[in-house]
Amino acid sequence: MLEYKVVELSTVTDEEIELAINSTVKKGWNLDGIRFAMKEASKRPAMAFILFTKESIL
């Protein structure tokens, strides 16, 4: 069975995304994807949601 983890970033920069991914992967999670929430008046994302999975131990 898979477990899921979502990390929410309100500061969306390459450094923040790298930090969130690297620190979570070191804890045994696998990167599943990244989703961005866009601002209407801007081309930069307002938020990022980084999705991770790992096999649960039952």
# chains A, B, ... in the order shown; residues from 1 in each chain; ligands from 1

$ residues_around --residues "A:Arg44" --least-positions-apart "6" --cutoff "10 Å" --atoms "only C-alpha atoms" --output "ChimeraX atom specification"
/A:12-13,36-38

$ write_last_selection --atoms "C-alpha atoms" --output "short mmCIF file (atom, residue, chain, number, x, y, z; two decimals), in the first residue's frame"
data_model
loop_
_atom_site.label_atom_id
_atom_site.label_comp_id
_atom_site.auth_asym_id
_atom_site.auth_seq_id
_atom_site.Cartn_x
_atom_site.Cartn_y
_atom_site.Cartn_z
CA VAL A 12 8.19 29.20 -5.28
CA THR A 13 11.84 29.44 -6.29
CA PHE A 36 1.66 24.76 -9.41
CA ALA A 37 -1.11 27.21 -8.46
CA MET A 38 -0.86 30.26 -10.70
#

$ closest_residue --among "A:Leu19, A:Val7, A:Leu31, A:Met1" --to "A:Phe49" --atoms "only C-alpha atoms"
A:Val7

$ select_by_dssp --residues "chain A" --states "helix (DSSP H, G or I)" --output "list in words"
Asp14, Glu15, Glu16, Ile17, Glu18, Leu19, Ala20, Ile21, Asn22, Ser23, Thr24 and Val25 of chain A

$ closest_residue --among "A:Ala41, A:Ile57, A:Ala46, A:Ile21" --to "A:Lys5" --atoms "only C-alpha atoms"
A:Ile21

$ residues_around --residues "A:Phe52" --least-positions-apart "2" --cutoff "9 Å" --atoms "only C-alpha atoms" --output "NGL selection string"
:A and (3-7 or 21 or 24-25 or 29-33 or 50 or 54)

$ closest_residue --among "A:Ile34, A:Leu2, A:Leu9, A:Ala20" --to "A:Thr53" --atoms "only C-alpha atoms"
A:Leu2

$ select_by_dssp --residues "chain A" --states "strand (DSSP E)" --output "JSON, numbers by chain"
{"A": [2, 3, 4, 5, 6, 7, 8, 9, 30, 31, 32, 33, 34, 35, 36, 37, 38, 45, 46, 47, 48, 49, 50, 51, 52, 53, 54, 55]}

$ write_last_selection --atoms "N, CA and C atoms" --output "compact mmCIF listing (two decimals), in the first residue's frame"
# COMPACT_ATOMS: atom_id res chain seq x y z
N LEU A 2 0.50 2.25 -0.76
CA LEU A 2 1.26 3.49 -0.84
C LEU A 2 0.79 4.50 0.18
N GLU A 3 1.76 5.22 0.74
CA GLU A 3 1.47 6.40 1.56
C GLU A 3 1.78 7.61 0.69
N TYR A 4 1.07 8.69 0.93
CA TYR A 4 1.26 9.92 0.18
C TYR A 4 1.63 11.06 1.12
N LYS A 5 2.45 11.97 0.62
CA LYS A 5 2.85 13.17 1.37
C LYS A 5 2.80 14.35 0.40
N VAL A 6 2.27 15.47 0.87
CA VAL A 6 2.22 16.70 0.07
C VAL A 6 2.97 17.78 0.83
N VAL A 7 3.93 18.41 0.16
CA VAL A 7 4.65 19.54 0.73
C VAL A 7 4.19 20.79 -0.02
N GLU A 8 3.71 21.77 0.74
CA GLU A 8 3.20 23.01 0.16
C GLU A 8 4.25 24.10 0.29
N LEU A 9 4.53 24.77 -0.81
CA LEU A 9 5.46 25.89 -0.79
C LEU A 9 4.74 27.17 -1.19
N ASN A 30 9.61 9.16 -2.20
CA ASN A 30 9.90 9.22 -3.64
C ASN A 30 9.09 10.34 -4.28
N LEU A 31 9.77 11.16 -5.06
CA LEU A 31 9.09 12.26 -5.75
C LEU A 31 8.06 11.70 -6.73
N ASP A 32 6.84 12.20 -6.64
CA ASP A 32 5.76 11.74 -7.53
C ASP A 32 5.36 12.81 -8.54
N GLY A 33 5.53 14.09 -8.17
CA GLY A 33 5.17 15.16 -9.10
C GLY A 33 5.10 16.50 -8.40
N ILE A 34 4.97 17.54 -9.21
CA ILE A 34 4.84 18.91 -8.69
C ILE A 34 3.67 19.56 -9.41
N ARG A 35 2.82 20.23 -8.65
CA ARG A 35 1.70 20.98 -9.21
C ARG A 35 1.84 22.44 -8.79
N PHE A 36 1.53 23.34 -9.69
CA PHE A 36 1.66 24.76 -9.41
C PHE A 36 0.29 25.43 -9.43
N ALA A 37 0.08 26.36 -8.49
CA ALA A 37 -1.11 27.21 -8.46
C ALA A 37 -0.67 28.58 -8.97
N MET A 38 -1.29 29.03 -10.05
CA MET A 38 -0.86 30.26 -10.70
C MET A 38 -1.66 31.46 -10.21
N PRO A 45 4.21 31.21 -10.48
CA PRO A 45 3.27 30.49 -9.62
C PRO A 45 3.18 31.13 -8.24
N ALA A 46 2.00 31.09 -7.67
CA ALA A 46 1.77 31.60 -6.32
C ALA A 46 2.15 30.55 -5.29
N MET A 47 1.94 29.28 -5.62
CA MET A 47 2.23 28.18 -4.70
C MET A 47 2.65 26.96 -5.49
N ALA A 48 3.36 26.06 -4.80
CA ALA A 48 3.72 24.78 -5.40
C ALA A 48 3.34 23.68 -4.41
N PHE A 49 2.85 22.58 -4.94
CA PHE A 49 2.52 21.41 -4.14
C PHE A 49 3.37 20.26 -4.68
N ILE A 50 4.28 19.77 -3.84
CA ILE A 50 5.19 18.70 -4.24
C ILE A 50 4.66 17.41 -3.65
N LEU A 51 4.44 16.42 -4.53
CA LEU A 51 3.83 15.17 -4.14
C LEU A 51 4.86 14.07 -4.03
N PHE A 52 4.77 13.29 -2.95
CA PHE A 52 5.69 12.19 -2.69
C PHE A 52 4.91 10.93 -2.34
N THR A 53 5.53 9.79 -2.58
CA THR A 53 4.94 8.50 -2.18
C THR A 53 6.01 7.64 -1.54
N LYS A 54 5.57 6.64 -0.77
CA LYS A 54 6.46 5.58 -0.29
C LYS A 54 5.61 4.39 0.09
N GLU A 55 6.23 3.24 0.06
CA GLU A 55 5.53 2.02 0.45
C GLU A 55 5.32 2.03 1.97
